[in-house]
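Novice: Structure below; questions to follow.
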Amino acid sequence: MPNPYALKNVTLVTCATLISVAVIGSELVARDTAKATDDAPANAATKSVHDEAQRILGTIQLTAYKHDTDIDETKGQFYCDCSGFVGYVLNRTVSKDDEKGPFGNGRRRPLAADYERGFEKAPERPTSGARWQQIARVADARPGDVIAWRHEVPKPGNTGHVVIVDKKPVVEKDGLVRMDIIDSTT
């Protein structure tokens, strides 16, 4: 019987007004979103995030959705929630186990709302020293980009959701955006 709480690839259909999207960047590279037709990650940083998330998906033996992150790769055990999974991937790639964490604020395991607020503050254009860059349109997201949204009124133990983009989004005829994501969810 499949584990209903497994880390998985899912398809997300949403409106751009509900979420914040950001590209990771110690190596931010300007991208002309009007001409972005490539399905590849935007830069080396997002490629490393996407590759690591895919690697993890291929090694999972046991998993469950838990708010306390408990990962033992030698056993293939990944017990975490969405922010625990994304934080784990970022800390193994672009943060390189930096004690300051993905946002440089000392939090090695930000919550979904922290990601959304951090993305809200990120510049829209590549900026020297910036760790993140906003992407104005969901349709411009690329593999390895991170998407987050927060609940207006956080629920106990649930501030929102954060995911990693798996494939370039597709804009449907009705204007909705369909995208494959890599995610830890219930």
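Going by the structure tokens order, chains are called A, B, ..., each with residues numbered from 1, while ligands are numbered from 1 in the order shown.
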Counting only C-alpha atoms, what is within 9 Å of Tyr88 (chain A), bar same-chain residues fewer than 3 positions away, as a list in words?
Specialist: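 In the requested format, the answer is Thr69, Ile71, Ser83, Gly84, Phe85, Asn91, Arg92, Thr93, Arg108 and Arg109 of chain A.
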Novice: What does the file look like for those residues with N, CA, C and O atoms, as an mmCIF file, in the first residue's frame?
Specialist:
```cif
data_model
loop_
_atom_site.group_PDB
_atom_site.id
_atom_site.type_symbol
_atom_site.label_atom_id
_atom_site.label_comp_id
_atom_site.auth_asym_id
_atom_site.auth_seq_id
_atom_site.Cartn_x
_atom_site.Cartn_y
_atom_site.Cartn_z
ATOM 1 N N THR A 69 11.932 17.556 11.740
ATOM 2 C CA THR A 69 12.728 16.932 10.690
ATOM 3 C C THR A 69 13.646 15.870 11.289
ATOM 4 O O THR A 69 14.402 16.140 12.216
ATOM 5 N N ILE A 71 15.960 13.061 9.398
ATOM 6 C CA ILE A 71 16.404 12.464 8.137
ATOM 7 C C ILE A 71 17.655 11.639 8.395
ATOM 8 O O ILE A 71 18.620 12.124 8.982
ATOM 9 N N SER A 83 8.655 22.521 4.822
ATOM 10 C CA SER A 83 9.781 23.421 5.093
ATOM 11 C C SER A 83 11.014 22.649 5.549
ATOM 12 O O SER A 83 12.144 23.052 5.255
ATOM 13 N N GLY A 84 10.815 21.532 6.224
ATOM 14 C CA GLY A 84 11.937 20.693 6.608
ATOM 15 C C GLY A 84 12.628 20.098 5.390
ATOM 16 O O GLY A 84 13.855 20.056 5.311
ATOM 17 N N PHE A 85 11.827 19.653 4.413
ATOM 18 C CA PHE A 85 12.389 19.087 3.182
ATOM 19 C C PHE A 85 13.134 20.156 2.377
ATOM 20 O O PHE A 85 14.289 19.960 1.995
ATOM 21 N N ASN A 91 20.124 23.490 2.532
ATOM 22 C CA ASN A 91 21.307 23.407 3.390
ATOM 23 C C ASN A 91 22.366 22.474 2.816
ATOM 24 O O ASN A 91 23.550 22.641 3.080
ATOM 25 N N ARG A 92 21.978 21.516 2.009
ATOM 26 C CA ARG A 92 22.935 20.597 1.384
ATOM 27 C C ARG A 92 23.486 21.145 0.066
ATOM 28 O O ARG A 92 24.441 20.608 -0.466
ATOM 29 N N THR A 93 22.863 22.183 -0.459
ATOM 30 C CA THR A 93 23.284 22.698 -1.766
ATOM 31 C C THR A 93 23.752 24.135 -1.639
ATOM 32 O O THR A 93 24.900 24.377 -1.318
ATOM 33 N N ARG A 108 18.300 27.932 10.302
ATOM 34 C CA ARG A 108 18.656 26.864 9.363
ATOM 35 C C ARG A 108 17.422 26.111 8.881
ATOM 36 O O ARG A 108 17.489 25.394 7.904
ATOM 37 N N ARG A 109 16.296 26.268 9.562
ATOM 38 C CA ARG A 109 15.070 25.598 9.161
ATOM 39 C C ARG A 109 13.915 26.600 9.163
ATOM 40 O O ARG A 109 13.069 26.615 10.049
#
```
Novice: Please provide the set of residues having any atom within 10 Å of Ser95 (chain A), restricted to only C-alpha atoms, with same-chain residues fewer than 3 positions apart removed, written as an mmCIF file with N, CA, C and O atoms, in the first residue's frame.
Specialist:
```cif
data_model
loop_
_atom_site.group_PDB
_atom_site.id
_atom_site.type_symbol
_atom_site.label_atom_id
_atom_site.label_comp_id
_atom_site.auth_asym_id
_atom_site.auth_seq_id
_atom_site.Cartn_x
_atom_site.Cartn_y
_atom_site.Cartn_z
ATOM 1 N N ILE A 24 17.110 31.048 -6.440
ATOM 2 C CA ILE A 24 18.209 31.105 -5.496
ATOM 3 C C ILE A 24 19.413 31.697 -6.193
ATOM 4 O O ILE A 24 19.631 31.416 -7.350
ATOM 5 N N SER A 26 23.535 32.668 -5.315
ATOM 6 C CA SER A 26 24.820 33.263 -4.998
ATOM 7 C C SER A 26 25.436 33.580 -6.350
ATOM 8 O O SER A 26 26.387 34.307 -6.459
ATOM 9 N N ALA A 45 22.946 27.393 -9.255
ATOM 10 C CA ALA A 45 22.386 27.212 -7.910
ATOM 11 C C ALA A 45 21.059 26.461 -7.970
ATOM 12 O O ALA A 45 20.839 25.506 -7.225
ATOM 13 N N GLY A 87 14.291 23.054 3.387
ATOM 14 C CA GLY A 87 15.454 23.491 4.164
ATOM 15 C C GLY A 87 16.598 22.490 4.078
ATOM 16 O O GLY A 87 17.762 22.871 3.938
ATOM 17 N N TYR A 88 16.283 21.208 4.138
ATOM 18 C CA TYR A 88 17.306 20.164 4.034
ATOM 19 C C TYR A 88 18.012 20.242 2.680
ATOM 20 O O TYR A 88 19.241 20.220 2.603
ATOM 21 N N VAL A 89 17.226 20.366 1.615
ATOM 22 C CA VAL A 89 17.802 20.463 0.272
ATOM 23 C C VAL A 89 18.675 21.716 0.157
ATOM 24 O O VAL A 89 19.808 21.654 -0.336
ATOM 25 N N LEU A 90 18.171 22.855 0.608
ATOM 26 C CA LEU A 90 18.936 24.101 0.500
ATOM 27 C C LEU A 90 20.210 24.052 1.333
ATOM 28 O O LEU A 90 21.266 24.517 0.898
ATOM 29 N N ASN A 91 20.124 23.490 2.532
ATOM 30 C CA ASN A 91 21.307 23.407 3.390
ATOM 31 C C ASN A 91 22.366 22.474 2.816
ATOM 32 O O ASN A 91 23.550 22.641 3.080
ATOM 33 N N ARG A 92 21.978 21.516 2.009
ATOM 34 C CA ARG A 92 22.935 20.597 1.384
ATOM 35 C C ARG A 92 23.486 21.145 0.066
ATOM 36 O O ARG A 92 24.441 20.608 -0.466
ATOM 37 N N ASP A 98 25.825 26.301 5.836
ATOM 38 C CA ASP A 98 26.119 27.598 6.448
ATOM 39 C C ASP A 98 25.239 27.762 7.688
ATOM 40 O O ASP A 98 24.024 27.608 7.608
ATOM 41 N N GLU A 99 25.840 28.050 8.806
ATOM 42 C CA GLU A 99 25.087 28.225 10.058
ATOM 43 C C GLU A 99 24.047 29.338 9.967
ATOM 44 O O GLU A 99 23.116 29.386 10.745
ATOM 45 N N LYS A 100 24.201 30.253 9.004
ATOM 46 C CA LYS A 100 23.244 31.354 8.856
ATOM 47 C C LYS A 100 21.979 30.928 8.132
ATOM 48 O O LYS A 100 21.004 31.667 8.092
ATOM 49 N N GLY A 101 21.968 29.740 7.517
ATOM 50 C CA GLY A 101 20.786 29.223 6.859
ATOM 51 C C GLY A 101 20.510 29.862 5.504
ATOM 52 O O GLY A 101 21.246 30.733 5.047
ATOM 53 N N PRO A 102 19.417 29.433 4.858
ATOM 54 C CA PRO A 102 19.104 29.872 3.494
ATOM 55 C C PRO A 102 18.905 31.382 3.329
ATOM 56 O O PRO A 102 19.124 31.917 2.253
ATOM 57 N N PHE A 103 18.463 32.072 4.375
ATOM 58 C CA PHE A 103 18.230 33.511 4.271
ATOM 59 C C PHE A 103 19.319 34.349 4.935
ATOM 60 O O PHE A 103 19.235 35.570 4.957
ATOM 61 N N GLY A 104 20.321 33.686 5.510
ATOM 62 C CA GLY A 104 21.407 34.412 6.143
ATOM 63 C C GLY A 104 21.015 35.059 7.452
ATOM 64 O O GLY A 104 21.691 35.951 7.941
ATOM 65 N N ARG A 108 18.300 27.932 10.302
ATOM 66 C CA ARG A 108 18.656 26.864 9.363
ATOM 67 C C ARG A 108 17.422 26.111 8.881
ATOM 68 O O ARG A 108 17.489 25.394 7.904
ATOM 69 N N ARG A 131 20.738 36.753 -1.833
ATOM 70 C CA ARG A 131 20.635 35.298 -1.821
ATOM 71 C C ARG A 131 19.472 34.814 -2.671
ATOM 72 O O ARG A 131 19.438 33.655 -3.062
#
```
Novice: Let's see if you can do this: from backbone DSSP, list all strand (DSSP E) residues in region 96-168 of chain A, as a PyMOL selection string.
Specialist: chain A and resi 132-134+146-155+158-165
Novice: I'd like the interatomic distance between CA of Tyr65 (chain A) and CA of Val146 (chain A), to a tenth of an Å.
Specialist: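 For CA of Tyr65 (chain A) relative to CA of Val146 (chain A), the distance reads 19.2 Å.
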Novice: What does the distance from CA of Gly157 (chain A) to CA of Ile181 (chain A) come to in Å, to one decimal?
Specialist: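 Computed distance, CA of Gly157 (chain A) to CA of Ile181 (chain A), equals 22.2 Å.
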Novice: Give me the residues within 8 Å of Lys66 (chain A) as a PyMOL selection string, counting only C-alpha atoms and dropping any in the same chain fewer than 6 places off.
Specialist: chain A and resi 79-81
Novice: Write out as a list of chain:residue names all residues of region 64-109 of chain A that backbone DSSP assigns to alpha helix (DSSP H).
Specialist: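 Reading the DSSP output for region 64-109 of chain A, alpha helix (DSSP H) covers A:Cys82, A:Ser83, A:Gly84, A:Phe85, A:Val86, A:Gly87, A:Tyr88, A:Val89, A:Leu90, A:Asn91, A:Arg92.
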Novice: Looking at A:Ile164, A:Cys82, A:Ala112, A:Val170, which one is nearest to Asp39 (chain A), with distances taken over only C-alpha atoms?
Specialist: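 Nearest candidate to Asp39 (chain A) out of A:Ile164, A:Cys82, A:Ala112, A:Val170: A:Val170.
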Novice: Can you build me a table of region 73-166 of chain A residues sitting at most 6 Å from region 60-64 of chain A, with the closest atom pair per residue and its distance in Å to one decimal, using only C-alpha atoms, sorted by chain and residue number, as a tab-separated table?
Specialist:
```
residue	atom	partner	partner_atom	distance
A:Gly76	CA	A:Gln61	CA	4.7
A:Gln77	CA	A:Leu62	CA	4.7
A:Phe78	CA	A:Thr63	CA	4.8
A:Tyr79	CA	A:Ala64	CA	4.9
```
Novice: Tell me which of A:Asn43, A:Thr185, A:Thr74, A:Asn158 sits closest to Gly144 (chain A), counting only C-alpha atoms.
Specialist: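 Ranking A:Asn43, A:Thr185, A:Thr74, A:Asn158 by distance to Gly144 (chain A), first place goes to A:Asn43.
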Novice: What separation in Å, quoted to one decimal, exists between CA of Leu57 (chain A) and CA of Asp183 (chain A)?
Specialist: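 Computing the Euclidean distance for CA of Leu57 (chain A) and CA of Asp183 (chain A) yields 9.8 Å.
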Novice: Kindly indicate which residue among A:Glu124, A:Glu172, A:Asp166, A:Asp114 lies nearest to Trp149 (chain A), using only C-alpha atoms for the distances.
Specialist: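 Residue with the minimum atom-to-atom distance to Trp149 (chain A): A:Asp114.
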